[in-house]
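Here is run_37.cif, consisting of mmCIF, N, CA and C atoms:
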data_final
loop_
_atom_site.label_atom_id
_atom_site.label_comp_id
_atom_site.auth_asym_id
_atom_site.auth_seq_id
_atom_site.Cartn_x
_atom_site.Cartn_y
_atom_site.Cartn_z
N MET A 8 -47.35 122.88 51.81
CA MET A 8 -47.10 121.92 50.76
C MET A 8 -47.02 120.52 51.36
N THR A 9 -47.54 119.56 50.64
CA THR A 9 -47.59 118.20 51.13
C THR A 9 -46.46 117.35 50.56
N ILE A 10 -46.11 116.30 51.26
CA ILE A 10 -45.06 115.40 50.79
C ILE A 10 -45.65 114.25 49.99
N TRP A 11 -46.98 114.16 49.95
CA TRP A 11 -47.65 113.06 49.26
C TRP A 11 -48.04 113.46 47.84
N PRO A 12 -47.75 112.61 46.86
CA PRO A 12 -48.16 112.90 45.47
C PRO A 12 -49.60 112.42 45.24
N THR A 13 -50.06 112.58 44.02
CA THR A 13 -51.32 111.98 43.59
C THR A 13 -50.96 110.72 42.82
N VAL A 14 -51.57 109.60 43.17
CA VAL A 14 -51.25 108.33 42.50
C VAL A 14 -52.53 107.58 42.16
N LYS A 15 -52.41 106.64 41.26
CA LYS A 15 -53.51 105.74 40.93
C LYS A 15 -53.63 104.69 42.03
N ALA A 16 -54.83 104.20 42.23
CA ALA A 16 -55.08 103.23 43.29
C ALA A 16 -54.27 101.95 43.08
N ARG A 17 -54.08 101.52 41.84
CA ARG A 17 -53.30 100.31 41.57
C ARG A 17 -51.86 100.47 42.07
N ARG A 18 -51.28 101.64 41.87
CA ARG A 18 -49.91 101.90 42.33
C ARG A 18 -49.85 101.89 43.86
N LEU A 19 -50.86 102.44 44.50
CA LEU A 19 -50.93 102.43 45.96
C LEU A 19 -51.03 101.01 46.48
N LEU A 20 -51.88 100.20 45.87
CA LEU A 20 -52.03 98.81 46.30
C LEU A 20 -50.73 98.04 46.13
N THR A 21 -50.03 98.27 45.05
CA THR A 21 -48.73 97.62 44.82
C THR A 21 -47.72 98.03 45.89
N ALA A 22 -47.72 99.29 46.24
CA ALA A 22 -46.80 99.79 47.28
C ALA A 22 -47.13 99.15 48.63
N LEU A 23 -48.41 99.02 48.94
CA LEU A 23 -48.81 98.39 50.20
C LEU A 23 -48.38 96.92 50.23
N GLN A 24 -48.51 96.24 49.11
CA GLN A 24 -48.10 94.84 49.05
C GLN A 24 -46.58 94.70 49.21
N ARG A 25 -45.83 95.65 48.68
CA ARG A 25 -44.37 95.61 48.83
C ARG A 25 -43.93 95.77 50.28
N ILE A 26 -44.69 96.51 51.09
CA ILE A 26 -44.29 96.71 52.49
C ILE A 26 -44.90 95.66 53.42
N GLY A 27 -45.55 94.65 52.84
CA GLY A 27 -45.98 93.52 53.66
C GLY A 27 -47.47 93.28 53.78
N TRP A 28 -48.31 94.10 53.17
CA TRP A 28 -49.75 93.89 53.23
C TRP A 28 -50.14 92.86 52.18
N SER A 29 -51.11 92.02 52.50
CA SER A 29 -51.63 91.06 51.53
C SER A 29 -53.15 91.05 51.59
N GLU A 30 -53.74 90.65 50.48
CA GLU A 30 -55.20 90.65 50.39
C GLU A 30 -55.76 89.40 51.03
N ALA A 31 -56.60 89.57 52.05
CA ALA A 31 -57.21 88.44 52.74
C ALA A 31 -58.50 88.02 52.04
N ARG A 32 -59.29 88.99 51.63
CA ARG A 32 -60.54 88.70 50.94
C ARG A 32 -60.99 89.94 50.18
N ARG A 33 -61.94 89.69 49.25
CA ARG A 33 -62.45 90.77 48.41
C ARG A 33 -63.95 90.61 48.25
N THR A 34 -64.66 91.72 48.36
CA THR A 34 -66.09 91.76 48.08
C THR A 34 -66.34 92.96 47.19
N GLY A 35 -66.54 92.72 45.92
CA GLY A 35 -66.69 93.82 44.97
C GLY A 35 -65.39 94.60 44.87
N SER A 36 -65.46 95.90 45.09
CA SER A 36 -64.25 96.72 45.02
C SER A 36 -63.59 96.89 46.38
N HIS A 37 -64.12 96.26 47.41
CA HIS A 37 -63.55 96.36 48.76
C HIS A 37 -62.60 95.19 49.00
N ARG A 38 -61.35 95.50 49.27
CA ARG A 38 -60.35 94.48 49.56
C ARG A 38 -59.93 94.64 51.01
N VAL A 39 -59.90 93.55 51.74
CA VAL A 39 -59.44 93.59 53.13
C VAL A 39 -57.98 93.16 53.12
N LEU A 40 -57.10 94.08 53.52
CA LEU A 40 -55.67 93.82 53.56
C LEU A 40 -55.26 93.49 54.98
N VAL A 41 -54.34 92.54 55.12
CA VAL A 41 -53.85 92.14 56.44
C VAL A 41 -52.33 92.21 56.47
N ARG A 42 -51.82 92.45 57.68
CA ARG A 42 -50.38 92.48 57.92
C ARG A 42 -50.17 92.18 59.40
N ASP A 43 -49.18 91.38 59.71
CA ASP A 43 -48.90 91.03 61.11
C ASP A 43 -48.72 92.29 61.95
N THR A 44 -49.26 92.26 63.14
CA THR A 44 -49.20 93.31 64.17
C THR A 44 -49.92 94.61 63.79
N TRP A 45 -50.68 94.63 62.71
CA TRP A 45 -51.46 95.79 62.29
C TRP A 45 -52.93 95.39 62.23
N PRO A 46 -53.85 96.31 62.53
CA PRO A 46 -55.27 96.00 62.33
C PRO A 46 -55.56 95.87 60.83
N ASP A 47 -56.56 95.09 60.47
CA ASP A 47 -56.94 94.94 59.07
C ASP A 47 -57.27 96.31 58.48
N PHE A 48 -57.01 96.45 57.18
CA PHE A 48 -57.27 97.71 56.48
C PHE A 48 -58.16 97.42 55.28
N VAL A 49 -59.26 98.15 55.14
CA VAL A 49 -60.16 97.98 54.01
C VAL A 49 -59.73 98.95 52.91
N PHE A 50 -59.32 98.38 51.79
CA PHE A 50 -58.89 99.16 50.62
C PHE A 50 -60.09 99.22 49.69
N ALA A 51 -60.74 100.37 49.60
CA ALA A 51 -62.00 100.50 48.86
C ALA A 51 -61.89 101.45 47.67
N PHE A 52 -60.87 101.26 46.86
CA PHE A 52 -60.66 102.11 45.69
C PHE A 52 -60.65 101.26 44.43
N HIS A 53 -61.14 101.82 43.33
CA HIS A 53 -61.05 101.16 42.04
C HIS A 53 -59.64 101.38 41.48
N ASP A 54 -59.13 100.43 40.71
CA ASP A 54 -57.75 100.46 40.24
C ASP A 54 -57.35 101.75 39.53
N GLY A 55 -58.20 102.31 38.70
CA GLY A 55 -57.85 103.50 37.93
C GLY A 55 -58.13 104.80 38.64
N GLU A 56 -58.65 104.74 39.84
CA GLU A 56 -59.03 105.95 40.58
C GLU A 56 -57.80 106.72 41.05
N GLU A 57 -57.87 108.04 40.95
CA GLU A 57 -56.78 108.90 41.43
C GLU A 57 -56.94 109.11 42.94
N ILE A 58 -55.87 108.90 43.68
CA ILE A 58 -55.86 109.10 45.13
C ILE A 58 -55.02 110.34 45.40
N GLY A 59 -55.63 111.32 46.03
CA GLY A 59 -54.97 112.59 46.30
C GLY A 59 -54.10 112.56 47.56
N PRO A 60 -53.36 113.63 47.78
CA PRO A 60 -52.44 113.70 48.92
C PRO A 60 -53.10 113.54 50.29
N ARG A 61 -54.27 114.12 50.48
CA ARG A 61 -54.93 114.03 51.79
C ARG A 61 -55.36 112.59 52.08
N MET A 62 -55.90 111.91 51.09
CA MET A 62 -56.32 110.52 51.29
C MET A 62 -55.09 109.62 51.47
N LEU A 63 -54.02 109.89 50.75
CA LEU A 63 -52.79 109.11 50.92
C LEU A 63 -52.26 109.26 52.34
N ALA A 64 -52.33 110.46 52.89
CA ALA A 64 -51.87 110.67 54.27
C ALA A 64 -52.72 109.86 55.24
N ARG A 65 -54.02 109.78 54.99
CA ARG A 65 -54.89 108.97 55.85
C ARG A 65 -54.56 107.50 55.75
N VAL A 66 -54.35 107.02 54.52
CA VAL A 66 -53.99 105.62 54.31
C VAL A 66 -52.67 105.33 55.01
N ALA A 67 -51.72 106.23 54.90
CA ALA A 67 -50.41 106.05 55.51
C ALA A 67 -50.50 105.93 57.02
N ARG A 68 -51.37 106.72 57.62
CA ARG A 68 -51.54 106.68 59.08
C ARG A 68 -52.01 105.30 59.54
N HIS A 69 -52.81 104.64 58.72
CA HIS A 69 -53.37 103.34 59.10
C HIS A 69 -52.52 102.15 58.64
N THR A 70 -51.59 102.36 57.73
CA THR A 70 -50.86 101.25 57.14
C THR A 70 -49.34 101.29 57.33
N GLY A 71 -48.80 102.43 57.74
CA GLY A 71 -47.35 102.54 57.87
C GLY A 71 -46.65 102.89 56.57
N LEU A 72 -47.40 103.28 55.57
CA LEU A 72 -46.84 103.66 54.27
C LEU A 72 -46.07 104.98 54.41
N ARG A 73 -44.95 105.07 53.70
CA ARG A 73 -44.15 106.29 53.66
C ARG A 73 -44.08 106.79 52.23
N PRO A 74 -43.84 108.08 52.00
CA PRO A 74 -43.78 108.61 50.62
C PRO A 74 -42.75 107.88 49.76
N GLU A 75 -41.64 107.48 50.33
CA GLU A 75 -40.62 106.80 49.52
C GLU A 75 -41.02 105.38 49.14
N ASP A 76 -42.08 104.83 49.76
CA ASP A 76 -42.56 103.49 49.39
C ASP A 76 -43.31 103.51 48.06
N LEU A 77 -43.77 104.69 47.65
CA LEU A 77 -44.48 104.79 46.38
C LEU A 77 -43.48 104.82 45.26
#

Go through the file and emit its structure as structure tokens.
Amino acid sequence: MTIWPTVKARRLLTALQRIGWSEARRTGSHRVLVRDTWPDFVFAFHDGEEIGPRMLARVARHTGLRPEDL
């Protein structure tokens, strides 16, 4: 069983912004997020898209997101 829920991409983006990520630039649906001391992260999801537990775990590995941040 996984600790990650299924969430909409908009909710994930909001959670990332709350923990310190900000949008540096956007090209179409690709947003480049930046945060001090972290490599840039490309957020390539449409707002209404459902993000499953496995993809959330991958995003978390690259961004420092925790389940309680959602």

For the file shown, what are the residues hit by the PyMOL selection byres (((chain A and resi 10 and name CA) around 12) and name CA), laid out as a CSV table (one decimal) with N, CA and C atoms, in the coordinates of the input?
chain,number,residue,atom,x,y,z
A,8,MET,N,-47.4,122.9,51.8
A,8,MET,CA,-47.1,121.9,50.8
A,8,MET,C,-47.0,120.5,51.4
A,9,THR,N,-47.5,119.6,50.6
A,9,THR,CA,-47.6,118.2,51.1
A,9,THR,C,-46.5,117.4,50.6
A,11,TRP,N,-47.0,114.2,50.0
A,11,TRP,CA,-47.6,113.1,49.3
A,11,TRP,C,-48.0,113.5,47.8
A,12,PRO,N,-47.8,112.6,46.9
A,12,PRO,CA,-48.2,112.9,45.5
A,12,PRO,C,-49.6,112.4,45.2
A,13,THR,N,-50.1,112.6,44.0
A,13,THR,CA,-51.3,112.0,43.6
A,13,THR,C,-51.0,110.7,42.8
A,59,GLY,N,-55.6,111.3,46.0
A,59,GLY,CA,-55.0,112.6,46.3
A,59,GLY,C,-54.1,112.6,47.6
A,60,PRO,N,-53.4,113.6,47.8
A,60,PRO,CA,-52.4,113.7,48.9
A,60,PRO,C,-53.1,113.5,50.3
A,61,ARG,N,-54.3,114.1,50.5
A,61,ARG,CA,-54.9,114.0,51.8
A,61,ARG,C,-55.4,112.6,52.1
A,63,LEU,N,-54.0,109.9,50.8
A,63,LEU,CA,-52.8,109.1,50.9
A,63,LEU,C,-52.3,109.3,52.3
A,64,ALA,N,-52.3,110.5,52.9
A,64,ALA,CA,-51.9,110.7,54.3
A,64,ALA,C,-52.7,109.9,55.2
A,67,ALA,N,-51.7,106.2,54.9
A,67,ALA,CA,-50.4,106.0,55.5
A,67,ALA,C,-50.5,105.9,57.0
A,73,ARG,N,-45.0,105.1,53.7
A,73,ARG,CA,-44.2,106.3,53.7
A,73,ARG,C,-44.1,106.8,52.2
A,74,PRO,N,-43.8,108.1,52.0
A,74,PRO,CA,-43.8,108.6,50.6
A,74,PRO,C,-42.8,107.9,49.8
A,75,GLU,N,-41.6,107.5,50.3
A,75,GLU,CA,-40.6,106.8,49.5
A,75,GLU,C,-41.0,105.4,49.1
A,77,LEU,N,-43.8,104.7,47.6
A,77,LEU,CA,-44.5,104.8,46.4
A,77,LEU,C,-43.5,104.8,45.3

All alpha helix (DSSP H) residues (DSSP, backbone) inside chain A, as a PyMOL selection string: chain A and resi 16-25+60-70

Export of prior selection with N, CA and C atoms as a PDB file, keeping the file's coordinate frame:
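Writing done, so here's result_39.pdb:
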ATOM      1  N   ALA A  16     -54.830 104.200  42.230  1.00  0.00           N
ATOM      2  CA  ALA A  16     -55.080 103.230  43.290  1.00  0.00           C
ATOM      3  C   ALA A  16     -54.270 101.950  43.080  1.00  0.00           C
ATOM      4  N   ARG A  17     -54.080 101.520  41.840  1.00  0.00           N
ATOM      5  CA  ARG A  17     -53.300 100.310  41.570  1.00  0.00           C
ATOM      6  C   ARG A  17     -51.860 100.470  42.070  1.00  0.00           C
ATOM      7  N   ARG A  18     -51.280 101.640  41.870  1.00  0.00           N
ATOM      8  CA  ARG A  18     -49.910 101.900  42.330  1.00  0.00           C
ATOM      9  C   ARG A  18     -49.850 101.890  43.860  1.00  0.00           C
ATOM     10  N   LEU A  19     -50.860 102.440  44.500  1.00  0.00           N
ATOM     11  CA  LEU A  19     -50.930 102.430  45.960  1.00  0.00           C
ATOM     12  C   LEU A  19     -51.030 101.010  46.480  1.00  0.00           C
ATOM     13  N   LEU A  20     -51.880 100.200  45.870  1.00  0.00           N
ATOM     14  CA  LEU A  20     -52.030  98.810  46.300  1.00  0.00           C
ATOM     15  C   LEU A  20     -50.730  98.040  46.130  1.00  0.00           C
ATOM     16  N   THR A  21     -50.030  98.270  45.050  1.00  0.00           N
ATOM     17  CA  THR A  21     -48.730  97.620  44.820  1.00  0.00           C
ATOM     18  C   THR A  21     -47.720  98.030  45.890  1.00  0.00           C
ATOM     19  N   ALA A  22     -47.720  99.290  46.240  1.00  0.00           N
ATOM     20  CA  ALA A  22     -46.800  99.790  47.280  1.00  0.00           C
ATOM     21  C   ALA A  22     -47.130  99.150  48.630  1.00  0.00           C
ATOM     22  N   LEU A  23     -48.410  99.020  48.940  1.00  0.00           N
ATOM     23  CA  LEU A  23     -48.810  98.390  50.200  1.00  0.00           C
ATOM     24  C   LEU A  23     -48.380  96.920  50.230  1.00  0.00           C
ATOM     25  N   GLN A  24     -48.510  96.240  49.110  1.00  0.00           N
ATOM     26  CA  GLN A  24     -48.100  94.840  49.050  1.00  0.00           C
ATOM     27  C   GLN A  24     -46.580  94.700  49.210  1.00  0.00           C
ATOM     28  N   ARG A  25     -45.830  95.650  48.680  1.00  0.00           N
ATOM     29  CA  ARG A  25     -44.370  95.610  48.830  1.00  0.00           C
ATOM     30  C   ARG A  25     -43.930  95.770  50.280  1.00  0.00           C
ATOM     31  N   PRO A  60     -53.360 113.630  47.780  1.00  0.00           N
ATOM     32  CA  PRO A  60     -52.440 113.700  48.920  1.00  0.00           C
ATOM     33  C   PRO A  60     -53.100 113.540  50.290  1.00  0.00           C
ATOM     34  N   ARG A  61     -54.270 114.120  50.480  1.00  0.00           N
ATOM     35  CA  ARG A  61     -54.930 114.030  51.790  1.00  0.00           C
ATOM     36  C   ARG A  61     -55.360 112.590  52.080  1.00  0.00           C
ATOM     37  N   MET A  62     -55.900 111.910  51.090  1.00  0.00           N
ATOM     38  CA  MET A  62     -56.320 110.520  51.290  1.00  0.00           C
ATOM     39  C   MET A  62     -55.090 109.620  51.470  1.00  0.00           C
ATOM     40  N   LEU A  63     -54.020 109.890  50.750  1.00  0.00           N
ATOM     41  CA  LEU A  63     -52.790 109.110  50.920  1.00  0.00           C
ATOM     42  C   LEU A  63     -52.260 109.260  52.340  1.00  0.00           C
ATOM     43  N   ALA A  64     -52.330 110.460  52.890  1.00  0.00           N
ATOM     44  CA  ALA A  64     -51.870 110.670  54.270  1.00  0.00           C
ATOM     45  C   ALA A  64     -52.720 109.860  55.240  1.00  0.00           C
ATOM     46  N   ARG A  65     -54.020 109.780  54.990  1.00  0.00           N
ATOM     47  CA  ARG A  65     -54.890 108.970  55.850  1.00  0.00           C
ATOM     48  C   ARG A  65     -54.560 107.500  55.750  1.00  0.00           C
ATOM     49  N   VAL A  66     -54.350 107.020  54.520  1.00  0.00           N
ATOM     50  CA  VAL A  66     -53.990 105.620  54.310  1.00  0.00           C
ATOM     51  C   VAL A  66     -52.670 105.330  55.010  1.00  0.00           C
ATOM     52  N   ALA A  67     -51.720 106.230  54.900  1.00  0.00           N
ATOM     53  CA  ALA A  67     -50.410 106.050  55.510  1.00  0.00           C
ATOM     54  C   ALA A  67     -50.500 105.930  57.020  1.00  0.00           C
ATOM     55  N   ARG A  68     -51.370 106.720  57.620  1.00  0.00           N
ATOM     56  CA  ARG A  68     -51.540 106.680  59.080  1.00  0.00           C
ATOM     57  C   ARG A  68     -52.010 105.300  59.540  1.00  0.00           C
ATOM     58  N   HIS A  69     -52.810 104.640  58.720  1.00  0.00           N
ATOM     59  CA  HIS A  69     -53.370 103.340  59.100  1.00  0.00           C
ATOM     60  C   HIS A  69     -52.520 102.150  58.640  1.00  0.00           C
ATOM     61  N   THR A  70     -51.590 102.360  57.730  1.00  0.00           N
ATOM     62  CA  THR A  70     -50.860 101.250  57.140  1.00  0.00           C
ATOM     63  C   THR A  70     -49.340 101.290  57.330  1.00  0.00           C
TER      64      THR A  70
END

DSSP strand (DSSP E) residues within chain A, as a PyMOL selection string: chain A and resi 14-15+29-34+37-41+48-50+57-58

Long-range neighbours of A:His53 as a count of residues only, 12 Å cut-off, only C-alpha atoms, 4 positions minimum in chain: 12

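In this structure, atom N of A:Glu56 sits 28.5 Å away from atom CA of A:Thr44.
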